[in-house]
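J.: For reference, this is target39.cif, and it has mmCIF, C-alpha atoms, pLDDT in the B column; chains and numbers go by the auth columns.
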data_final
#
loop_
_atom_site.group_PDB
_atom_site.id
_atom_site.type_symbol
_atom_site.label_atom_id
_atom_site.label_comp_id
_atom_site.label_asym_id
_atom_site.label_seq_id
_atom_site.Cartn_x
_atom_site.Cartn_y
_atom_site.Cartn_z
_atom_site.B_iso_or_equiv
_atom_site.auth_seq_id
_atom_site.auth_asym_id
ATOM 1 C CA MET A 1 -11.183 -4.851 -9.286 79.00 1437 A
ATOM 2 C CA LEU A 2 -8.734 -7.554 -10.275 86.00 1438 A
ATOM 3 C CA PRO A 3 -5.696 -6.015 -11.990 90.00 1439 A
ATOM 4 C CA MET A 4 -5.352 -7.030 -15.623 91.00 1440 A
ATOM 5 C CA MET A 5 -1.942 -5.638 -16.533 93.00 1441 A
ATOM 6 C CA LEU A 6 1.402 -5.334 -14.826 93.00 1442 A
ATOM 7 C CA LYS A 7 3.905 -2.784 -16.050 95.00 1443 A
ATOM 8 C CA MET A 8 7.369 -3.619 -14.862 94.00 1444 A
ATOM 9 C CA ARG A 9 10.784 -2.085 -15.386 93.00 1445 A
ATOM 10 C CA VAL A 10 14.020 -3.234 -13.830 92.00 1446 A
ATOM 11 C CA ALA A 11 17.446 -1.709 -14.391 89.00 1447 A
ATOM 12 C CA GLY A 12 20.565 -3.265 -12.939 84.00 1448 A
ATOM 13 C CA GLU A 13 24.085 -2.183 -12.144 79.00 1449 A
ATOM 14 C CA SER A 14 25.359 -3.353 -15.553 79.00 1450 A
ATOM 15 C CA GLY A 15 23.142 -0.787 -17.215 77.00 1451 A
ATOM 16 C CA LYS A 16 20.824 -3.402 -18.646 85.00 1452 A
ATOM 17 C CA ARG A 17 17.186 -2.455 -18.688 87.00 1453 A
ATOM 18 C CA PHE A 18 14.271 -4.818 -18.703 88.00 1454 A
ATOM 19 C CA SER A 19 10.767 -3.571 -19.433 92.00 1455 A
ATOM 20 C CA LEU A 20 7.642 -5.655 -19.506 92.00 1456 A
ATOM 21 C CA ILE A 21 3.941 -5.113 -19.926 94.00 1457 A
ATOM 22 C CA PHE A 22 2.485 -8.359 -18.729 91.00 1458 A
ATOM 23 C CA PRO A 23 -1.177 -9.448 -18.881 93.00 1459 A
ATOM 24 C CA VAL A 24 -1.224 -10.502 -15.248 91.00 1460 A
ATOM 25 C CA ILE A 25 -4.755 -11.840 -15.708 91.00 1461 A
ATOM 26 C CA LEU A 26 -3.089 -15.015 -17.083 93.00 1462 A
ATOM 27 C CA VAL A 27 -1.419 -15.561 -13.715 92.00 1463 A
ATOM 28 C CA TRP A 28 -4.732 -15.123 -11.905 92.00 1464 A
ATOM 29 C CA ILE A 29 -6.408 -17.698 -14.165 93.00 1465 A
ATOM 30 C CA ILE A 30 -3.688 -20.265 -13.388 94.00 1466 A
ATOM 31 C CA LEU A 31 -3.707 -19.339 -9.704 93.00 1467 A
ATOM 32 C CA PHE A 32 -7.487 -19.647 -9.375 92.00 1468 A
ATOM 33 C CA ALA A 33 -7.409 -22.999 -11.177 95.00 1469 A
ATOM 34 C CA LEU A 34 -4.707 -24.159 -8.758 94.00 1470 A
ATOM 35 C CA LEU A 35 -6.652 -22.918 -5.740 91.00 1471 A
ATOM 36 C CA LEU A 36 -9.753 -24.697 -6.993 93.00 1472 A
ATOM 37 C CA ALA A 37 -7.807 -27.931 -7.544 95.00 1473 A
ATOM 38 C CA LEU A 38 -6.354 -27.725 -4.035 91.00 1474 A
ATOM 39 C CA LEU A 39 -9.695 -26.961 -2.399 90.00 1475 A
ATOM 40 C CA PRO A 40 -10.673 -30.619 -1.728 91.00 1476 A
ATOM 41 C CA LEU A 41 -7.310 -31.210 -0.024 89.00 1477 A
ATOM 42 C CA VAL A 42 -7.678 -28.066 2.049 85.00 1478 A
ATOM 43 C CA LEU A 43 -11.210 -29.096 3.053 87.00 1479 A
ATOM 44 C CA LEU A 44 -9.907 -32.540 4.013 87.00 1480 A
ATOM 45 C CA ALA A 45 -7.117 -30.966 6.067 83.00 1481 A
ATOM 46 C CA ALA A 46 -9.663 -28.709 7.754 82.00 1482 A
ATOM 47 C CA ILE A 47 -11.838 -31.696 8.684 84.00 1483 A
ATOM 48 C CA LEU A 48 -8.924 -33.867 9.847 83.00 1484 A
ATOM 49 C CA THR A 49 -7.385 -31.131 11.996 80.00 1485 A
ATOM 50 C CA CYS A 50 -10.788 -30.049 13.290 73.00 1486 A
ATOM 51 C CA PRO A 51 -9.987 -30.729 16.994 67.00 1487 A
ATOM 52 C CA TRP A 52 -6.861 -28.507 16.865 67.00 1488 A
ATOM 53 C CA GLY A 53 -8.183 -25.959 14.401 65.00 1489 A
ATOM 54 C CA PRO A 54 -5.193 -25.113 12.157 69.00 1490 A
ATOM 55 C CA GLY A 55 -6.939 -26.607 9.102 70.00 1491 A
ATOM 56 C CA PHE A 56 -9.642 -23.956 9.321 72.00 1492 A
ATOM 57 C CA ARG A 57 -6.975 -21.300 9.124 75.00 1493 A
ATOM 58 C CA LEU A 58 -5.946 -22.810 5.792 78.00 1494 A
ATOM 59 C CA LEU A 59 -9.512 -22.304 4.569 80.00 1495 A
ATOM 60 C CA ALA A 60 -9.318 -18.655 5.635 81.00 1496 A
ATOM 61 C CA ILE A 61 -6.424 -18.166 3.210 84.00 1497 A
ATOM 62 C CA TYR A 62 -8.855 -18.324 0.278 87.00 1498 A
ATOM 63 C CA PRO A 63 -10.925 -15.200 1.061 88.00 1499 A
ATOM 64 C CA LEU A 64 -7.870 -13.324 2.318 88.00 1500 A
ATOM 65 C CA LEU A 65 -5.868 -14.078 -0.818 89.00 1501 A
ATOM 66 C CA ILE A 66 -8.777 -13.083 -3.050 90.00 1502 A
ATOM 67 C CA ALA A 67 -9.195 -9.828 -1.084 90.00 1503 A
ATOM 68 C CA VAL A 68 -5.525 -8.967 -1.627 91.00 1504 A
ATOM 69 C CA LEU A 69 -5.543 -9.879 -5.332 91.00 1505 A
ATOM 70 C CA PHE A 70 -8.729 -7.920 -6.051 91.00 1506 A
ATOM 71 C CA ASN A 71 -7.285 -4.821 -4.399 91.00 1507 A
ATOM 72 C CA LEU A 72 -3.877 -4.871 -6.042 91.00 1508 A
ATOM 73 C CA SER A 73 -5.145 -2.577 -8.781 91.00 1509 A
ATOM 74 C CA GLY A 74 -3.556 0.850 -8.409 91.00 1510 A
ATOM 75 C CA LEU A 75 -0.473 -0.382 -6.559 93.00 1511 A
ATOM 76 C CA HIS A 76 2.469 1.630 -7.791 95.00 1512 A
ATOM 77 C CA ILE A 77 6.084 1.114 -6.775 95.00 1513 A
ATOM 78 C CA ASP A 78 8.837 3.221 -8.273 94.00 1514 A
ATOM 79 C CA ILE A 79 12.272 3.038 -6.650 93.00 1515 A
ATOM 80 C CA GLN A 80 15.408 4.320 -8.304 90.00 1516 A
ATOM 81 C CA ASP A 81 18.911 5.416 -7.530 86.00 1517 A
ATOM 82 C CA ALA A 82 21.892 6.197 -9.726 82.00 1518 A
ATOM 83 C CA ARG A 83 22.359 2.575 -10.842 84.00 1519 A
ATOM 84 C CA HIS A 84 19.218 0.633 -10.065 88.00 1520 A
ATOM 85 C CA GLU A 85 15.588 1.031 -10.900 91.00 1521 A
ATOM 86 C CA LEU A 86 12.472 -0.900 -9.997 93.00 1522 A
ATOM 87 C CA TYR A 87 9.086 0.078 -11.343 94.00 1523 A
ATOM 88 C CA LEU A 88 5.896 -1.903 -10.808 94.00 1524 A
ATOM 89 C CA HIS A 89 2.408 -0.752 -11.642 94.00 1525 A
ATOM 90 C CA PHE A 90 -0.746 -2.860 -11.454 92.00 1526 A
ATOM 91 C CA SER A 91 -3.672 -1.595 -13.504 89.00 1527 A
ATOM 92 C CA MET B 1 -12.177 21.159 -14.651 60.00 808 G
ATOM 93 C CA SER B 2 -12.687 24.247 -12.433 70.00 809 G
ATOM 94 C CA GLU B 3 -11.141 27.632 -13.225 74.00 810 G
ATOM 95 C CA GLU B 4 -8.880 27.569 -10.139 75.00 811 G
ATOM 96 C CA ARG B 5 -7.594 24.106 -10.994 78.00 812 G
ATOM 97 C CA LYS B 6 -6.905 25.223 -14.559 79.00 813 G
ATOM 98 C CA LYS B 7 -5.001 28.301 -13.366 78.00 814 G
ATOM 99 C CA ILE B 8 -2.853 26.244 -10.996 77.00 815 G
ATOM 100 C CA LEU B 9 -1.974 23.815 -13.762 81.00 816 G
ATOM 101 C CA GLU B 10 -1.171 26.702 -16.118 80.00 817 G
ATOM 102 C CA MET B 11 1.128 28.225 -13.479 78.00 818 G
ATOM 103 C CA LEU B 12 2.818 24.851 -13.071 78.00 819 G
ATOM 104 C CA ALA B 13 3.249 24.480 -16.830 81.00 820 G
ATOM 105 C CA ALA B 14 4.698 27.997 -17.032 79.00 821 G
ATOM 106 C CA GLY B 15 7.164 27.118 -14.271 79.00 822 G
ATOM 107 C CA LYS B 16 5.849 29.825 -11.928 76.00 823 G
ATOM 108 C CA ILE B 17 5.268 27.292 -9.164 76.00 824 G
ATOM 109 C CA THR B 18 6.881 23.974 -8.241 76.00 825 G
ATOM 110 C CA VAL B 19 5.148 20.581 -8.310 77.00 826 G
ATOM 111 C CA GLU B 20 4.912 20.605 -4.499 75.00 827 G
ATOM 112 C CA GLU B 21 3.368 24.067 -4.421 76.00 828 G
ATOM 113 C CA SER B 22 0.828 23.032 -7.042 76.00 829 G
ATOM 114 C CA GLU B 23 -0.018 19.925 -4.984 77.00 830 G
ATOM 115 C CA LYS B 24 -0.626 22.069 -1.927 74.00 831 G
ATOM 116 C CA LEU B 25 -2.761 24.531 -3.880 76.00 832 G
ATOM 117 C CA LEU B 26 -4.805 21.753 -5.479 77.00 833 G
ATOM 118 C CA ALA B 27 -5.321 20.145 -2.081 75.00 834 G
ATOM 119 C CA ALA B 28 -6.359 23.509 -0.623 73.00 835 G
ATOM 120 C CA ILE B 29 -9.006 24.137 -3.260 72.00 836 G
ATOM 121 C CA SER B 30 -10.377 20.599 -3.120 69.00 837 G
ATOM 122 C CA ALA B 31 -10.502 20.364 0.709 57.00 838 G
ATOM 123 C CA PRO B 32 -13.567 22.599 1.326 51.00 839 G
ATOM 124 C CA GLU B 33 -15.557 20.679 -1.317 47.00 840 G
ATOM 125 C CA THR B 34 -15.102 17.341 0.465 45.00 841 G
ATOM 126 C CA GLU B 35 -15.864 18.901 3.857 44.00 842 G
ATOM 127 C CA THR B 36 -19.105 20.446 2.663 45.00 843 G
ATOM 128 C CA ALA B 37 -20.150 17.294 0.852 45.00 844 G
ATOM 129 C CA GLU B 38 -20.117 15.113 3.955 48.00 845 G
ATOM 130 C CA PRO B 39 -19.843 17.081 7.160 48.00 846 G
ATOM 131 C CA GLY B 40 -18.576 15.005 10.056 50.00 847 G
ATOM 132 C CA ALA B 41 -17.909 11.773 8.190 56.00 848 G
ATOM 133 C CA ARG B 42 -14.857 11.850 5.981 61.00 849 G
ATOM 134 C CA PRO B 43 -14.531 9.254 3.264 61.00 850 G
ATOM 135 C CA PRO B 44 -11.552 6.914 3.627 73.00 851 G
ATOM 136 C CA PHE B 45 -8.496 7.824 1.626 81.00 852 G
ATOM 137 C CA LYS B 46 -7.794 6.035 -1.633 87.00 853 G
ATOM 138 C CA TYR B 47 -4.046 5.652 -1.473 90.00 854 G
ATOM 139 C CA LEU B 48 -1.213 5.815 1.012 90.00 855 G
ATOM 140 C CA ARG B 49 1.721 7.595 -0.626 92.00 856 G
ATOM 141 C CA VAL B 50 5.358 7.360 0.346 92.00 857 G
ATOM 142 C CA LEU B 51 7.690 9.773 -1.422 92.00 858 G
ATOM 143 C CA VAL B 52 11.422 10.006 -0.875 91.00 859 G
ATOM 144 C CA GLU B 53 13.328 12.625 -2.821 89.00 860 G
ATOM 145 C CA PRO B 54 16.896 13.867 -2.514 87.00 861 G
ATOM 146 C CA GLY B 55 17.141 16.879 -0.267 80.00 862 G
ATOM 147 C CA PRO B 56 18.773 20.159 -1.278 78.00 863 G
ATOM 148 C CA GLY B 57 22.464 19.620 -1.880 75.00 864 G
ATOM 149 C CA SER B 58 22.176 15.875 -1.500 75.00 865 G
ATOM 150 C CA GLU B 59 24.471 13.759 -3.633 76.00 866 G
ATOM 151 C CA ASN B 60 22.357 10.677 -3.186 76.00 867 G
ATOM 152 C CA PRO B 61 19.964 10.468 -6.126 81.00 868 G
ATOM 153 C CA GLU B 62 17.655 7.882 -4.516 87.00 869 G
ATOM 154 C CA ARG B 63 14.004 8.351 -5.293 91.00 870 G
ATOM 155 C CA VAL B 64 11.072 6.366 -3.970 92.00 871 G
ATOM 156 C CA ASN B 65 7.491 6.759 -5.062 94.00 872 G
ATOM 157 C CA ILE B 66 5.086 4.202 -3.630 94.00 873 G
ATOM 158 C CA ARG B 67 1.313 4.318 -3.834 94.00 874 G
ATOM 159 C CA VAL B 68 -0.585 1.651 -1.911 92.00 875 G
ATOM 160 C CA PRO B 69 -4.369 1.383 -2.268 91.00 876 G
ATOM 161 C CA TYR B 70 -6.301 1.741 1.033 87.00 877 G
ATOM 162 C CA LYS B 71 -8.241 -1.467 0.381 87.00 878 G
ATOM 163 C CA LEU B 72 -5.002 -3.371 -0.125 89.00 879 G
ATOM 164 C CA ILE B 73 -3.735 -2.186 3.279 86.00 880 G
ATOM 165 C CA ARG B 74 -6.969 -3.354 4.894 84.00 881 G
ATOM 166 C CA ALA B 75 -6.834 -6.721 3.129 85.00 882 G
ATOM 167 C CA GLY B 76 -3.151 -7.124 3.942 84.00 883 G
ATOM 168 C CA LEU B 77 -3.612 -6.404 7.640 80.00 884 G
ATOM 169 C CA LYS B 78 -6.050 -9.294 7.907 80.00 885 G
ATOM 170 C CA TRP B 79 -3.081 -11.598 7.268 81.00 886 G
ATOM 171 C CA ALA B 80 -1.826 -10.557 10.711 74.00 887 G
ATOM 172 C CA SER B 81 -3.975 -13.339 12.182 72.00 888 G
ATOM 173 C CA PHE B 82 -1.617 -15.820 10.506 76.00 889 G
ATOM 174 C CA ILE B 83 1.369 -14.641 12.518 77.00 890 G
ATOM 175 C CA PRO B 84 2.319 -17.628 14.711 78.00 891 G
ATOM 176 C CA LYS B 85 1.924 -17.236 18.471 78.00 892 G
ATOM 177 C CA ASP B 86 5.667 -17.790 18.977 83.00 893 G
ATOM 178 C CA ALA B 87 6.404 -14.842 16.723 85.00 894 G
ATOM 179 C CA GLN B 88 3.795 -12.704 18.498 81.00 895 G
ATOM 180 C CA GLU B 89 5.436 -13.489 21.849 84.00 896 G
ATOM 181 C CA LYS B 90 8.844 -12.563 20.448 87.00 897 G
ATOM 182 C CA VAL B 91 7.410 -9.244 19.254 84.00 898 G
ATOM 183 C CA ASN B 92 5.949 -8.641 22.718 84.00 899 G
ATOM 184 C CA GLU B 93 9.297 -9.403 24.357 88.00 900 G
ATOM 185 C CA ALA B 94 11.153 -7.102 21.976 88.00 901 G
ATOM 186 C CA LEU B 95 8.649 -4.303 22.640 85.00 902 G
ATOM 187 C CA GLN B 96 8.939 -4.765 26.398 87.00 903 G
ATOM 188 C CA GLU B 97 12.730 -4.627 26.147 89.00 904 G
ATOM 189 C CA LYS B 98 12.303 -1.224 24.540 85.00 905 G
ATOM 190 C CA GLY B 99 10.001 -0.186 27.379 85.00 906 G
ATOM 191 C CA ILE B 100 6.778 -0.473 25.420 82.00 907 G
ATOM 192 C CA ASN B 101 4.210 -2.374 27.429 78.00 908 G
ATOM 193 C CA PHE B 102 2.064 -3.674 24.607 74.00 909 G
ATOM 194 C CA ASP B 103 0.408 -7.028 24.087 76.00 910 G
ATOM 195 C CA PHE B 104 0.340 -7.983 20.408 70.00 911 G
ATOM 196 C CA ASN B 105 -2.179 -10.788 21.095 71.00 912 G
ATOM 197 C CA ARG B 106 -4.776 -8.283 22.255 74.00 913 G
ATOM 198 C CA ILE B 107 -5.106 -6.542 18.898 72.00 914 G
ATOM 199 C CA LYS B 108 -8.583 -7.236 17.566 73.00 915 G
ATOM 200 C CA PRO B 109 -9.737 -6.884 13.935 70.00 916 G
ATOM 201 C CA GLU B 110 -11.861 -3.882 15.041 75.00 917 G
ATOM 202 C CA ASP B 111 -8.734 -2.182 16.376 76.00 918 G
ATOM 203 C CA ILE B 112 -6.981 -2.659 13.045 74.00 919 G
ATOM 204 C CA GLU B 113 -9.990 -1.238 11.182 74.00 920 G
ATOM 205 C CA GLU B 114 -9.991 1.775 13.515 78.00 921 G
ATOM 206 C CA LEU B 115 -6.254 2.231 13.091 77.00 922 G
ATOM 207 C CA VAL B 116 -6.434 2.122 9.295 77.00 923 G
ATOM 208 C CA SER B 117 -9.430 4.445 9.120 76.00 924 G
ATOM 209 C CA GLN B 118 -7.571 6.995 11.255 79.00 925 G
ATOM 210 C CA LEU B 119 -4.671 7.017 8.787 79.00 926 G
ATOM 211 C CA ASN B 120 -6.656 9.730 6.969 78.00 927 G
ATOM 212 C CA ASP B 121 -4.999 12.279 9.232 78.00 928 G
ATOM 213 C CA LEU B 122 -1.504 10.914 8.763 81.00 929 G
ATOM 214 C CA THR B 123 1.071 13.252 7.297 84.00 930 G
ATOM 215 C CA VAL B 124 4.752 12.747 7.911 86.00 931 G
ATOM 216 C CA GLU B 125 7.339 15.124 6.506 86.00 932 G
ATOM 217 C CA VAL B 126 10.996 14.683 7.270 86.00 933 G
ATOM 218 C CA GLU B 127 13.651 16.845 5.696 83.00 934 G
ATOM 219 C CA GLY B 128 17.310 16.015 5.955 81.00 935 G
ATOM 220 C CA LYS B 129 19.656 14.525 3.429 81.00 936 G
ATOM 221 C CA GLU B 130 16.476 13.172 1.882 84.00 937 G
ATOM 222 C CA LYS B 131 13.008 14.582 1.872 88.00 938 G
ATOM 223 C CA VAL B 132 10.500 11.975 3.058 90.00 939 G
ATOM 224 C CA ARG B 133 6.771 12.484 2.782 90.00 940 G
ATOM 225 C CA ILE B 134 4.122 10.000 3.879 90.00 941 G
ATOM 226 C CA PHE B 135 0.537 11.035 3.369 88.00 942 G
ATOM 227 C CA CYS B 136 -2.893 9.843 2.334 87.00 943 G
ATOM 228 C CA GLU B 137 -4.370 10.694 -1.012 85.00 944 G
ATOM 229 C CA THR B 138 -8.117 10.878 -1.613 80.00 945 G
#
Show me this structure written as C-alpha coordinates.

T.:
Amino acid sequence: MLPMMLKMRVAGESGKRFSLIFPVILVWIILFALLLALLPLVLLAAILTCPWGPGFRLLAIYPLLIAVLFNLSGLHIDIQDARHELYLHFS
Amino acid sequence: MSEERKKILEMLAAGKITVEESEKLLAAISAPETETAEPGARPPFKYLRVLVEPGPGSENPERVNIRVPYKLIRAGLKWASFIPKDAQEKVNEALQEKGINFDFNRIKPEDIEELVSQLNDLTVEVEGKEKVRIFCET
(Lines of atoms letter the chains of each structure in order from A and count residues from 1; the text may use other names and numbers.)
(Lines give C-alpha, C1' and ligand atoms only; values in the text may rest on other atoms or scores of the structure.)
Protein backbone atom coordinates (compact mmCIF):
# COMPACT_ATOMS: atom_id res chain seq x y z
CA MET A 1 0.00 0.00 0.00
CA LEU A 2 1.15 3.52 -0.76
CA PRO A 3 2.54 5.16 2.38
CA MET A 4 0.50 8.12 3.56
CA MET A 5 2.68 9.57 6.31
CA LEU A 6 6.37 10.10 6.84
CA LYS A 7 7.71 10.54 10.35
CA MET A 8 11.11 12.15 10.29
CA ARG A 9 13.54 13.28 12.96
CA VAL A 10 16.97 14.74 12.39
CA ALA A 11 19.38 15.90 15.07
CA GLY A 12 22.63 17.61 14.19
CA GLU A 13 25.94 18.29 15.86
CA SER A 14 24.75 21.70 17.13
CA GLY A 15 22.13 19.95 19.22
CA LYS A 16 19.28 21.22 17.09
CA ARG A 17 16.47 18.78 16.59
CA PHE A 18 14.05 18.74 13.72
CA SER A 19 10.93 16.59 13.85
CA LEU A 20 8.32 16.30 11.16
CA ILE A 21 5.20 14.30 10.51
CA PHE A 22 4.62 14.84 6.84
CA PRO A 23 1.60 13.71 4.79
CA VAL A 24 3.76 12.17 2.09
CA ILE A 25 0.63 11.45 0.04
CA LEU A 26 0.90 15.08 -1.17
CA VAL A 27 4.27 14.28 -2.74
CA TRP A 28 2.83 11.22 -4.48
CA ILE A 29 -0.04 13.29 -5.93
CA ILE A 30 2.43 15.81 -7.39
CA LEU A 31 4.75 13.05 -8.56
CA PHE A 32 1.99 11.09 -10.28
CA ALA A 33 0.73 14.26 -11.97
CA LEU A 34 4.28 14.94 -13.17
CA LEU A 35 4.71 11.38 -14.42
CA LEU A 36 1.40 11.61 -16.26
CA ALA A 37 2.40 14.94 -17.84
CA LEU A 38 5.72 13.48 -18.96
CA LEU A 39 4.17 10.31 -20.37
CA PRO A 40 3.62 11.66 -23.92
CA LEU A 41 7.27 12.75 -24.09
CA VAL A 42 8.45 9.39 -22.81
CA LEU A 43 6.25 7.61 -25.36
CA LEU A 44 7.67 9.83 -28.10
CA ALA A 45 11.22 9.09 -26.94
CA ALA A 46 10.41 5.38 -26.92
CA ILE A 47 9.11 5.54 -30.50
CA LEU A 48 11.99 7.70 -31.78
CA THR A 49 14.68 5.53 -30.20
CA CYS A 50 12.89 2.33 -31.20
CA PRO A 51 15.78 0.97 -33.35
CA TRP A 52 18.27 1.29 -30.44
CA GLY A 53 15.85 0.50 -27.64
CA PRO A 54 16.84 2.86 -24.79
CA GLY A 55 13.49 4.69 -25.01
CA PHE A 56 11.67 1.53 -23.98
CA ARG A 57 13.78 1.39 -20.87
CA LEU A 58 12.43 4.83 -19.99
CA LEU A 59 8.91 3.40 -20.21
CA ALA A 60 9.94 0.62 -17.82
CA ILE A 61 10.72 3.25 -15.19
CA TYR A 62 6.99 3.83 -14.66
CA PRO A 63 6.04 0.37 -13.33
CA LEU A 64 9.31 0.05 -11.43
CA LEU A 65 8.89 3.41 -9.72
CA ILE A 66 5.28 2.62 -8.81
CA ALA A 67 6.36 -0.77 -7.41
CA VAL A 68 8.94 0.92 -5.18
CA LEU A 69 6.58 3.67 -4.00
CA PHE A 70 3.75 1.24 -3.21
CA ASN A 71 6.08 -0.90 -1.12
CA LEU A 72 7.72 1.86 0.87
CA SER A 73 5.16 1.42 3.63
CA GLY A 74 6.83 -0.09 6.69
CA LEU A 75 10.32 1.17 5.85
CA HIS A 76 11.97 2.18 9.09
CA ILE A 77 15.40 3.76 9.42
CA ASP A 78 16.74 4.78 12.81
CA ILE A 79 20.42 5.70 13.03
CA GLN A 80 21.92 7.52 15.98
CA ASP A 81 25.20 8.19 17.66
CA ALA A 82 26.21 10.56 20.44
CA ARG A 83 25.67 13.69 18.33
CA HIS A 84 23.59 12.80 15.31
CA GLU A 85 20.26 11.18 14.78
CA LEU A 86 18.27 10.22 11.72
CA TYR A 87 14.85 8.67 11.99
CA LEU A 88 12.57 7.92 9.05
CA HIS A 89 9.39 5.90 9.17
CA PHE A 90 6.92 5.46 6.31
CA SER A 91 3.44 4.38 7.33
CA MET B 1 -2.62 -13.36 22.82
CA SER B 2 -1.46 -16.85 23.94
CA GLU B 3 -0.55 -17.66 27.54
CA GLU B 4 3.13 -18.29 26.70
CA ARG B 5 3.40 -14.98 24.87
CA LYS B 6 1.79 -13.20 27.81
CA LYS B 7 4.20 -14.82 30.28
CA ILE B 8 7.23 -13.85 28.20
CA LEU B 9 6.06 -10.25 28.01
CA GLU B 10 5.39 -10.22 31.77
CA MET B 11 8.91 -11.53 32.41
CA LEU B 12 10.29 -8.82 30.15
CA ALA B 13 8.28 -6.14 31.93
CA ALA B 14 9.48 -7.44 35.30
CA GLY B 15 13.08 -7.26 34.06
CA LYS B 16 13.66 -11.00 34.52
CA ILE B 17 14.78 -11.38 30.92
CA THR B 18 16.42 -9.05 28.40
CA VAL B 19 14.83 -7.81 25.17
CA GLU B 20 17.01 -10.21 23.16
CA GLU B 21 16.05 -13.19 25.30
CA SER B 22 12.38 -12.31 24.94
CA GLU B 23 12.82 -12.05 21.15
CA LYS B 24 14.37 -15.51 21.06
CA LEU B 25 11.63 -16.97 23.25
CA LEU B 26 8.88 -15.36 21.17
CA ALA B 27 10.49 -16.65 17.99
CA ALA B 28 10.78 -20.13 19.52
CA ILE B 29 7.11 -20.32 20.44
CA SER B 30 5.92 -18.93 17.11
CA ALA B 31 8.19 -21.13 14.93
CA PRO B 32 6.30 -24.46 15.30
CA GLU B 33 3.00 -22.73 14.45
CA THR B 34 4.27 -21.50 11.07
CA GLU B 35 5.87 -24.87 10.30
CA THR B 36 2.68 -26.79 10.99
CA ALA B 37 0.56 -24.31 9.08
CA GLU B 38 2.39 -24.79 5.79
CA PRO B 39 4.71 -27.76 5.79
CA GLY B 40 7.38 -27.55 3.12
CA ALA B 41 6.55 -24.10 1.77
CA ARG B 42 7.57 -21.26 4.03
CA PRO B 43 5.99 -17.88 3.49
CA PRO B 44 8.41 -15.11 2.51
CA PHE B 45 9.61 -12.90 5.31
CA LYS B 46 8.03 -9.50 5.82
CA TYR B 47 11.03 -7.42 6.74
CA LEU B 48 14.80 -7.53 6.59
CA ARG B 49 16.18 -6.14 9.85
CA VAL B 50 19.61 -4.69 10.43
CA LEU B 51 20.47 -3.92 14.05
CA VAL B 52 23.74 -2.46 15.25
CA GLU B 53 24.18 -1.94 18.97
CA PRO B 54 27.23 -1.04 21.03
CA GLY B 55 28.99 -4.10 22.33
CA PRO B 56 29.82 -4.68 26.00
CA GLY B 57 32.30 -2.08 27.17
CA SER B 58 32.10 -0.15 23.93
CA GLU B 59 32.44 3.61 24.16
CA ASN B 60 30.89 4.15 20.78
CA PRO B 61 27.18 4.79 21.28
CA GLU B 62 26.23 4.23 17.62
CA ARG B 63 22.92 2.52 17.11
CA VAL B 64 21.34 1.44 13.85
CA ASN B 65 17.88 -0.01 13.47
CA ILE B 66 16.75 -0.53 9.89
CA ARG B 67 13.68 -2.43 8.77
CA VAL B 68 13.24 -2.91 5.03
CA PRO B 69 10.04 -4.49 3.68
CA TYR B 70 10.60 -7.66 1.60
CA LYS B 71 8.50 -6.30 -1.26
CA LEU B 72 10.61 -3.15 -1.37
CA ILE B 73 13.78 -5.25 -1.73
CA ARG B 74 12.19 -7.16 -4.61
CA ALA B 75 11.00 -3.97 -6.30
CA GLY B 76 14.36 -2.30 -5.75
CA LEU B 77 16.34 -5.18 -7.24
CA LYS B 78 14.44 -4.81 -10.49
CA TRP B 79 16.23 -1.48 -10.94
CA ALA B 80 19.41 -3.52 -11.44
CA SER B 81 18.48 -3.79 -15.13
CA PHE B 82 19.14 -0.04 -15.40
CA ILE B 83 22.79 -0.42 -14.46
CA PRO B 84 24.73 0.61 -17.60
CA LYS B 85 26.78 -2.07 -19.35
CA ASP B 86 29.98 -0.09 -18.74
CA ALA B 87 29.33 -0.19 -15.01
CA GLN B 88 28.52 -3.91 -15.15
CA GLU B 89 31.83 -4.57 -16.91
CA LYS B 90 33.68 -2.54 -14.28
CA VAL B 91 32.01 -4.62 -11.56
CA ASN B 92 33.05 -7.81 -13.37
CA GLU B 93 36.64 -6.58 -13.64
CA ALA B 94 36.75 -5.62 -9.96
CA LEU B 95 35.36 -9.04 -8.98
CA GLN B 96 37.90 -10.83 -11.16
CA GLU B 97 40.71 -8.81 -9.60
CA LYS B 98 39.58 -10.17 -6.26
CA GLY B 99 39.60 -13.69 -7.70
CA ILE B 100 35.85 -14.02 -8.05
CA ASN B 101 34.98 -15.36 -11.46
CA PHE B 102 31.47 -14.00 -11.79
CA ASP B 103 29.67 -12.48 -14.73
CA PHE B 104 27.27 -9.74 -13.63
CA ASN B 105 25.57 -9.72 -17.06
CA ARG B 106 24.40 -13.30 -16.59
CA ILE B 107 22.16 -12.55 -13.62
CA LYS B 108 18.58 -13.13 -14.70
CA PRO B 109 15.44 -11.79 -12.97
CA GLU B 110 14.64 -15.39 -11.92
CA ASP B 111 18.01 -15.62 -10.17
CA ILE B 112 17.28 -12.44 -8.23
CA GLU B 113 13.85 -13.76 -7.21
CA GLU B 114 15.48 -17.01 -6.04
CA LEU B 115 18.16 -15.10 -4.16
CA VAL B 116 15.65 -12.87 -2.37
CA SER B 117 13.34 -15.75 -1.50
CA GLN B 118 16.26 -17.63 0.06
CA LEU B 119 17.00 -14.68 2.35
CA ASN B 120 14.47 -16.30 4.72
CA ASP B 121 17.32 -18.36 6.14
CA LEU B 122 19.68 -15.43 6.53
CA THR B 123 20.92 -14.67 10.01
CA VAL B 124 24.15 -12.82 10.58
CA GLU B 125 25.43 -12.11 14.07
CA VAL B 126 28.74 -10.40 14.61
CA GLU B 127 29.96 -9.43 18.04
CA GLY B 128 32.93 -7.18 18.53
CA LYS B 129 33.11 -3.54 19.47
CA GLU B 130 29.59 -3.44 18.09
CA LYS B 131 26.95 -6.09 17.99
CA VAL B 132 25.58 -6.49 14.46
CA ARG B 133 22.52 -8.57 13.71
CA ILE B 134 20.99 -9.06 10.27
CA PHE B 135 17.93 -11.25 10.09
CA CYS B 136 14.54 -11.67 8.49
CA GLU B 137 11.36 -10.97 10.35
CA THR B 138 8.06 -12.67 9.50

J.: Considering all atoms listed in the file, return as a list in words whatever protein or nucleic-acid residues lie within 9 Å of A:Val1478, sequence-local ones (same chain, fewer than 3 positions apart) excluded.

T.: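 My reading of the contact set: Leu1474, Leu1475, Ala1481, Ala1482, Ile1483, Gly1491, Phe1492, Leu1494 and Leu1495 of chain A.
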
J.: Given the file above and the PyMOL selection byres ((chain A) within 7 of (chain G)), which residues are selected, and can you give them as number ranges by chain?

T.: A: 1500, 1503-1504, 1507-1508, 1510-1518

J.: Quick one: apply the PyMOL selection byres ((chain A and resi 1459) around 6) to the file and drop the selected residues here as a ChimeraX atom specification.

T.: /A:1440-1441,1458,1460-1461

J.: Which residues, protein or nucleic acid, reach to within 8 Å of (15.8, -4.9, -13.5) in the file's coordinates when using only C-alpha atoms, and can you give that as a PyMOL selection string?

T.: chain A and resi 1445-1448+1452-1455+1520-1522

J.: What does the structure give for the distance between atom CA of A:Phe1506 and atom CA of A:Pro1439, in Å to one decimal?

T.: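 Atom CA of A:Phe1506 sits 6.9 Å away from atom CA of A:Pro1439.
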
J.: Once you count all atoms listed in the file, which residues end up no further than 12 Å from (21.7, 16.2, 0.0) in the file's frame, shown as a PyMOL selection string?

T.: chain G and resi 860-869+934-938
